[in-house]
Every structure is written in C-alpha cells, then in structure tokens.
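Down below is the structure, laid out as structure tokens.
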Amino acid sequence: RTLLKGLAAAPAAGAVFSIPRLAGAAEIQLRYGNNLPLSHPLNIRAKEAADRIAKETDGKVEMLIFPANQLGGDTDMLSQVRGGALTFFTPSSLVIATLVPTAALNAVGFAFKDYAQVWKAMDGPVGKLVRSKIEGSRLYALETMWDNGFRQTTTSGNAITNADGMQGLKIRVPVSPLSVDMFSALGASPTSLQFSEVYSALQTKVVDAQENPLPIIQVAKLYEVQQNCALSNHIWDGYWFIANGRQWSDLKDDVKTIVARAINEAGLQQRQDIAALNAGVQADLEKAGMTFNKVETETFRAKLKTGGFYSKWSKEFGDEAWGALESVVGSLA
Ligand code: X2X
C-alpha cells in the first residue's frame, strides 16, 4: 500500500531525468577532438569555423572543440570518432593510415619537392583516392586537407647532416607503420609514440630525437627539450578532417552544407597560415636556442632506394594508389 502510494507520488518517469533546456542551447552538438595546442593555426581556424557554424545556423548547431589531446591521444580519438563519441577528429595522414593504409601515400619519403606538388596531389588524384578509401571505412573525410607541414628532424645531440647520421638514432615517430619502416631503412631505431607523449619522452630521454614540422616544434615547445634541427623535409604531412560516417549522413542537407563550407574554407586559410609561419618560424626557434642545418638529401634517398623502401611500399600501396602519386610527382622507385 505505502509502496503504491509512493509510486503514485513519484514524478512521471522521464521527468526525473529531464534537464531544463538552456535558452539558446544548440539542437545539434558536433564534438571535435584534435592533438594540437590551442595556439596552432589548426585550432585557431577550427574555432573560427565553429563560430561561423553557430552564426549561420542561428545557434542551432554548435561545434565543441577538444584540443590538445584532452580526450586522449590519437589512437583514442580515432576510436572515439569511429564509435561516435566524437563527431570529428583531425588525424594526420600517418595516423589514419593505421585504419586506412592508402592514407599514408602522401608520407612516402621525399615524394614531394614543394607545396605546389603537395596541393596538386591532395586536391587532385591522391586526395580523391584517399577520401574514397576513408569513406569505405564508414568515416567521412571533408574535402579540404589541412596542412601539418614538411617534417624536420630534431635531436638532443649532434646535428644530422646526411643519412649516416641516422645510424642507431633513438627517434620518436608517430604511430605509423610507414614512418617506422622508413626510419628503420635509414638505420635509425624508431619508437612509435602518440603525440601526447612526445614532450615527456624527450625530456626524460626515452628517445633522443623526433621529427615534426617547424610550427609544431614551436607551439609544442619542443625546442625546450631538443637542441638541433636538421632540415630533412623527409615527409609532407597533413590532417584529414574526418567525421563519423553515421553522424555526418544524419545531418540535414542544409546543415551539412553550412558545416562543410565553414570547415573547408577554414582549412584553406589554415594552409595560408602555415605558409606564413614557415617563412619566419626558423628564426623564432633560433632565438629560442635551436641550431639548424641543411642535409644532403640525396644520401637519404639513395639509402631508401638501395634498401628497397620504394619497391616495398609501391607494392604495399598497389598500382592504383602508387600511380596516383606518381602521376603528380613523377617516378619514385
Ligand atoms: O604526432 C605527430 O608527430 C604529429 C603532431 O605531427 C601528428 O599528428 C602526426
């Protein structure tokens, strides 16, 4: 009796959990995670895209940004975007290649001679192929690839001037089979670590070296724990703006159009930001105490060629993918 009475007095099921809607609260929340500090152009432009999305949807769509590995490292965020805990994630091509191997195409060692070739490939046949493979894994890749940059090699000790300098080097590389294989072929001793672990791995000397584009070395303050930078330009790396496939296709067409336009245009601006940064970042890093040197690029390429790196990876990628890359950059093997 008392029990029944109590039940009757309880609020209707559901009401217990209903949270009052805040005035102006968004109807759709898009959760976006990335691995870079807030000061990196990727986050600056992503924030602008988020503001634009809110404005153009009258506040109905909100893109929440979780920067700087707040939700975990790359491997975690990749599974979050696959599972739907994240709507968006920007993995480097190296990182998404753990799921979509073709995505590592742009990271083949010394493939691109300059940015003109990079964007010709990524806005053209290479990007098109990679995006179709990403879609095949139930993710959606927005059209515009964002820039990470040409990767350079930093060390805590001696300057690396040619391929011999790589011998035995304890170097951190991303969680990327291609990177591990390339540095092994060069004679180094690579360790895969997520970016979230890089600073402390260098600080505690778990590794002595790492490789990243200069803007990252700057915003992640890697100059505090590294001394020299060899301008090796060994890999060009970019970020795909990927979405959970289900969440993306569930968006109404008009929302999709607004979101895609805001993100793609922000990506194009981000490319220009990196280009502008590239012009001055070396001088800034020198002021922070780093030393720089050029490398004998041909010694690296020769070692990779004679070691069978290109022939191995042309088979791994297959004729279609390798052909798409070579259609822009010429013969590699
Ligand atoms: O982890 C890295 O080195 C970084 C930040 O360049 C990538 O996202 C691959």
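Note on naming: chains are A, B, ... as they come in the structure tokens, residues start from 1 per chain, ligands start from 1 in the order shown.
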Exercise for the section: Throw together the list of residues within 6 Å of ligand 1, counting only C-alpha atoms and all ligand atoms, and drop it here as a PyMOL selection string. Expected result: chain A and resi 92+94+174+194-195+212
Handout entry: Who sits within 7 Å of range 265-282 of chain A, only C-alpha atoms, same chain under 4 positions skipped, as a list in words
Key =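 With the cut-off at 7 Å, the set is Pro41, Leu42, Arg45, Ala46, Ala49, Thr144, Met145, Trp146, Asp147, Leu214, Pro215, Arg261 and Glu286 of chain A.
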Exercise for the section: Going by DSSP on the backbone, which bits of range 195-289 of chain A are alpha helix (DSSP H)? Write them as a count of residues only, please. Expected result: 53
Shell around Arg31 in chain A at 9 Å using only C-alpha atoms, local window under 3 positions removed, as a PDB file with C-alpha atoms, in the first residue's frame:
ATOM      1  CA  GLU A  62      27.364  24.018 -32.031  1.00  0.00           C
ATOM      2  CA  MET A  63      30.822  22.598 -32.673  1.00  0.00           C
ATOM      3  CA  LEU A  64      32.595  21.872 -29.396  1.00  0.00           C
ATOM      4  CA  ILE A  65      36.364  21.678 -29.727  1.00  0.00           C
ATOM      5  CA  PHE A  66      38.518  19.443 -27.542  1.00  0.00           C
ATOM      6  CA  ALA A  85      31.781   9.672 -29.103  1.00  0.00           C
ATOM      7  CA  LEU A  86      33.390  12.254 -31.382  1.00  0.00           C
ATOM      8  CA  THR A  87      31.745  13.677 -34.493  1.00  0.00           C
ATOM      9  CA  PHE A  88      35.020  14.996 -35.888  1.00  0.00           C
ATOM     10  CA  PHE A  89      38.699  14.253 -35.497  1.00  0.00           C
TER      11      PHE A  89
END
I want to know what sits within 12 Å of Gln80 in chain A, based on only C-alpha atoms, with residues of the same chain fewer than 2 positions away left out; could you give that as a PDB file with N, CA, C and O atoms, in the first residue's frame?
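Saved file around_29.pdb follows:
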ATOM      1  N   ARG A  31      31.004  17.245 -31.791  1.00  0.00           N
ATOM      2  CA  ARG A  31      32.172  17.194 -30.906  1.00  0.00           C
ATOM      3  C   ARG A  31      33.415  16.924 -31.745  1.00  0.00           C
ATOM      4  O   ARG A  31      33.476  15.934 -32.459  1.00  0.00           O
ATOM      5  N   TYR A  32      34.388  17.810 -31.639  1.00  0.00           N
ATOM      6  CA  TYR A  32      35.590  17.714 -32.474  1.00  0.00           C
ATOM      7  C   TYR A  32      36.843  17.655 -31.597  1.00  0.00           C
ATOM      8  O   TYR A  32      37.080  18.535 -30.782  1.00  0.00           O
ATOM      9  N   GLY A  33      37.651  16.635 -31.764  1.00  0.00           N
ATOM     10  CA  GLY A  33      38.883  16.485 -30.988  1.00  0.00           C
ATOM     11  C   GLY A  33      40.119  16.544 -31.871  1.00  0.00           C
ATOM     12  O   GLY A  33      40.090  16.119 -33.025  1.00  0.00           O
ATOM     13  N   ASN A  34      41.207  17.093 -31.315  1.00  0.00           N
ATOM     14  CA  ASN A  34      42.483  17.085 -32.051  1.00  0.00           C
ATOM     15  C   ASN A  34      43.662  17.020 -31.092  1.00  0.00           C
ATOM     16  O   ASN A  34      43.487  17.078 -29.872  1.00  0.00           O
ATOM     17  N   LEU A  71      40.979  14.581 -24.860  1.00  0.00           N
ATOM     18  CA  LEU A  71      40.169  13.352 -24.790  1.00  0.00           C
ATOM     19  C   LEU A  71      41.003  12.092 -24.976  1.00  0.00           C
ATOM     20  O   LEU A  71      40.473  11.011 -25.200  1.00  0.00           O
ATOM     21  N   GLY A  72      42.335  12.263 -24.932  1.00  0.00           N
ATOM     22  CA  GLY A  72      43.222  11.118 -25.141  1.00  0.00           C
ATOM     23  C   GLY A  72      44.100  11.363 -26.352  1.00  0.00           C
ATOM     24  O   GLY A  72      43.986  12.393 -27.008  1.00  0.00           O
ATOM     25  N   GLY A  73      44.963  10.416 -26.625  1.00  0.00           N
ATOM     26  CA  GLY A  73      45.871  10.550 -27.760  1.00  0.00           C
ATOM     27  C   GLY A  73      45.178  10.196 -29.075  1.00  0.00           C
ATOM     28  O   GLY A  73      43.974   9.925 -29.110  1.00  0.00           O
ATOM     29  N   ASP A  74      45.963  10.221 -30.136  1.00  0.00           N
ATOM     30  CA  ASP A  74      45.418   9.968 -31.473  1.00  0.00           C
ATOM     31  C   ASP A  74      44.687   8.644 -31.587  1.00  0.00           C
ATOM     32  O   ASP A  74      43.623   8.560 -32.205  1.00  0.00           O
ATOM     33  N   THR A  75      45.267   7.610 -31.029  1.00  0.00           N
ATOM     34  CA  THR A  75      44.663   6.289 -31.148  1.00  0.00           C
ATOM     35  C   THR A  75      43.296   6.268 -30.466  1.00  0.00           C
ATOM     36  O   THR A  75      42.342   5.680 -30.977  1.00  0.00           O
ATOM     37  N   ASP A  76      43.217   6.952 -29.323  1.00  0.00           N
ATOM     38  CA  ASP A  76      41.938   7.039 -28.603  1.00  0.00           C
ATOM     39  C   ASP A  76      40.914   7.822 -29.424  1.00  0.00           C
ATOM     40  O   ASP A  76      39.774   7.401 -29.581  1.00  0.00           O
ATOM     41  N   MET A  77      41.346   8.979 -29.944  1.00  0.00           N
ATOM     42  CA  MET A  77      40.394   9.807 -30.695  1.00  0.00           C
ATOM     43  C   MET A  77      39.936   9.119 -31.977  1.00  0.00           C
ATOM     44  O   MET A  77      38.785   9.275 -32.386  1.00  0.00           O
ATOM     45  N   LEU A  78      40.830   8.346 -32.575  1.00  0.00           N
ATOM     46  CA  LEU A  78      40.417   7.609 -33.776  1.00  0.00           C
ATOM     47  C   LEU A  78      39.303   6.612 -33.431  1.00  0.00           C
ATOM     48  O   LEU A  78      38.311   6.499 -34.150  1.00  0.00           O
ATOM     49  N   ARG A  82      35.262   6.772 -34.617  1.00  0.00           N
ATOM     50  CA  ARG A  82      34.651   5.593 -35.248  1.00  0.00           C
ATOM     51  C   ARG A  82      33.407   5.171 -34.492  1.00  0.00           C
ATOM     52  O   ARG A  82      32.399   4.794 -35.080  1.00  0.00           O
ATOM     53  N   GLY A  83      33.484   5.243 -33.167  1.00  0.00           N
ATOM     54  CA  GLY A  83      32.362   4.791 -32.342  1.00  0.00           C
ATOM     55  C   GLY A  83      31.261   5.825 -32.189  1.00  0.00           C
ATOM     56  O   GLY A  83      30.154   5.490 -31.794  1.00  0.00           O
ATOM     57  N   GLY A  84      31.559   7.092 -32.459  1.00  0.00           N
ATOM     58  CA  GLY A  84      30.542   8.133 -32.374  1.00  0.00           C
ATOM     59  C   GLY A  84      30.641   9.021 -31.148  1.00  0.00           C
ATOM     60  O   GLY A  84      29.852   9.958 -31.000  1.00  0.00           O
ATOM     61  N   ALA A  85      31.598   8.772 -30.245  1.00  0.00           N
ATOM     62  CA  ALA A  85      31.781   9.672 -29.103  1.00  0.00           C
ATOM     63  C   ALA A  85      32.297  11.027 -29.593  1.00  0.00           C
ATOM     64  O   ALA A  85      32.064  12.061 -28.961  1.00  0.00           O
ATOM     65  N   LEU A  86      32.994  11.015 -30.705  1.00  0.00           N
ATOM     66  CA  LEU A  86      33.390  12.254 -31.382  1.00  0.00           C
ATOM     67  C   LEU A  86      32.690  12.300 -32.740  1.00  0.00           C
ATOM     68  O   LEU A  86      32.542  11.260 -33.400  1.00  0.00           O
ATOM     69  N   THR A  87      32.268  13.510 -33.143  1.00  0.00           N
ATOM     70  CA  THR A  87      31.745  13.677 -34.493  1.00  0.00           C
ATOM     71  C   THR A  87      32.898  13.857 -35.467  1.00  0.00           C
ATOM     72  O   THR A  87      32.906  13.302 -36.561  1.00  0.00           O
ATOM     73  N   PHE A  88      33.881  14.669 -35.035  1.00  0.00           N
ATOM     74  CA  PHE A  88      35.020  14.996 -35.888  1.00  0.00           C
ATOM     75  C   PHE A  88      36.344  14.742 -35.184  1.00  0.00           C
ATOM     76  O   PHE A  88      36.460  14.931 -33.961  1.00  0.00           O
ATOM     77  N   PHE A  89      37.324  14.406 -35.980  1.00  0.00           N
ATOM     78  CA  PHE A  89      38.699  14.253 -35.497  1.00  0.00           C
ATOM     79  C   PHE A  89      39.594  14.644 -36.666  1.00  0.00           C
ATOM     80  O   PHE A  89      39.231  14.412 -37.825  1.00  0.00           O
ATOM     81  N   THR A  90      40.738  15.248 -36.377  1.00  0.00           N
ATOM     82  CA  THR A  90      41.692  15.536 -37.452  1.00  0.00           C
ATOM     83  C   THR A  90      42.954  14.703 -37.246  1.00  0.00           C
ATOM     84  O   THR A  90      43.911  15.165 -36.620  1.00  0.00           O
ATOM     85  N   PRO A  91      42.969  13.493 -37.760  1.00  0.00           N
ATOM     86  CA  PRO A  91      44.191  12.705 -37.687  1.00  0.00           C
ATOM     87  C   PRO A  91      45.137  13.121 -38.808  1.00  0.00           C
ATOM     88  O   PRO A  91      44.703  13.465 -39.908  1.00  0.00           O
ATOM     89  N   LEU A 139      33.721   6.294 -42.340  1.00  0.00           N
ATOM     90  CA  LEU A 139      34.007   7.651 -41.875  1.00  0.00           C
ATOM     91  C   LEU A 139      33.778   8.537 -43.090  1.00  0.00           C
ATOM     92  O   LEU A 139      33.684   8.047 -44.205  1.00  0.00           O
ATOM     93  N   ILE A 242      38.020  14.424 -40.509  1.00  0.00           N
ATOM     94  CA  ILE A 242      37.108  13.297 -40.717  1.00  0.00           C
ATOM     95  C   ILE A 242      35.922  13.346 -39.764  1.00  0.00           C
ATOM     96  O   ILE A 242      35.999  13.899 -38.661  1.00  0.00           O
ATOM     97  N   ALA A 243      34.834  12.761 -40.218  1.00  0.00           N
ATOM     98  CA  ALA A 243      33.602  12.704 -39.422  1.00  0.00           C
ATOM     99  C   ALA A 243      33.173  11.256 -39.258  1.00  0.00           C
ATOM    100  O   ALA A 243      33.429  10.414 -40.132  1.00  0.00           O
ATOM    101  N   ASN A 244      32.498  10.994 -38.164  1.00  0.00           N
ATOM    102  CA  ASN A 244      31.805   9.722 -38.002  1.00  0.00           C
ATOM    103  C   ASN A 244      30.778   9.617 -39.149  1.00  0.00           C
ATOM    104  O   ASN A 244      29.969  10.530 -39.347  1.00  0.00           O
TER     105      ASN A 244
END
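You will find CA of Lys47 in chain A at 20.9 Å from CA of Ser196 in chain A.
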Need the shell around Ala163 in chain A: protein/DNA/RNA residues with any atom at most 8 Å away, counting only C-alpha atoms. Skip same-chain ones fewer than 2 positions apart. Format as a CSV table (one decimal) with C-alpha atoms, in the first residue's frame?
chain,number,residue,atom,x,y,z
A,160,ILE,CA,72.4,15.2,-38.6
A,161,THR,CA,73.8,16.2,-42.0
A,165,GLY,CA,73.8,10.4,-39.1
A,166,MET,CA,70.6,8.4,-38.7
A,167,GLN,CA,72.5,5.2,-37.7
A,186,LEU,CA,67.7,4.6,-42.8
A,296,GLU,CA,72.4,16.0,-48.1
A,299,THR,CA,72.1,10.4,-49.3
A,300,PHE,CA,68.7,9.7,-47.7
A,303,LYS,CA,69.8,4.7,-48.9
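Between Ala230 in chain A and the residues A:Leu202, A:Asn264, A:Thr257, A:Gly157, the shortest atom-to-atom distance, using only C-alpha atoms, involves A:Gly157.
Each of A:Thr153, A:Thr98, A:Ser200, A:Ser184 was compared to Gly308 in chain A using only C-alpha atoms, and A:Ser184 turns out to be the nearest.
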Practice task
Once DSSP has gone over the backbone, tell me which residues of range 45-147 of chain A are in strand (DSSP E or B), as a PyMOL selection string.
Solution key: chain A and resi 61-66+88-89+92+139-141+146-147
Completion exercise
Computed gap from CA of Thr297 in chain A to CA of Trp119 in chain A is 21.9 Å
Exercise for the section: Would you kindly return, as a list in words, each protein, DNA or RNA residue with an atom no farther than 12 Å from any atom of Val100 in chain A, considering only C-alpha atoms and excluding same-chain residues fewer than 5 positions away? Expected result: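 So, after excluding close chain neighbours, the residues are Leu78, Pro91, Ser92, Ser93, Leu94, Val95, Leu105, Leu129, Val130, Arg131, Ser132, Lys133, Ile134, Glu135, Gly136, Ser137, Arg138, Leu139, Ala141, Ser176, Pro177, Trp240 and Phe317 of chain A.
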Fill in the blank from the handout: Of A:Asn106, A:Asn148, A:Cys229, A:Ala185, the one nearest to Ala121 in chain A when counting only C-alpha atoms is A:Asn106
Completion exercise
One decimal place gives the CA of His40 in chain A-CA of Lys256 in chain A separation as 25.7 Å
Practice task
Return the single residue from A:Trp322, A:Trp313, A:Trp236, A:Tyr223 that is closest to Met290 in chain A, with distances computed using only C-alpha atoms.
Solution key: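 Closest to Met290 in chain A of all the choices is A:Tyr223.
Residue nearest Gly330 in chain A, chosen from A:Ala111, A:Val175, A:Ile263, A:Leu142 and counting only C-alpha atoms: A:Ala111.
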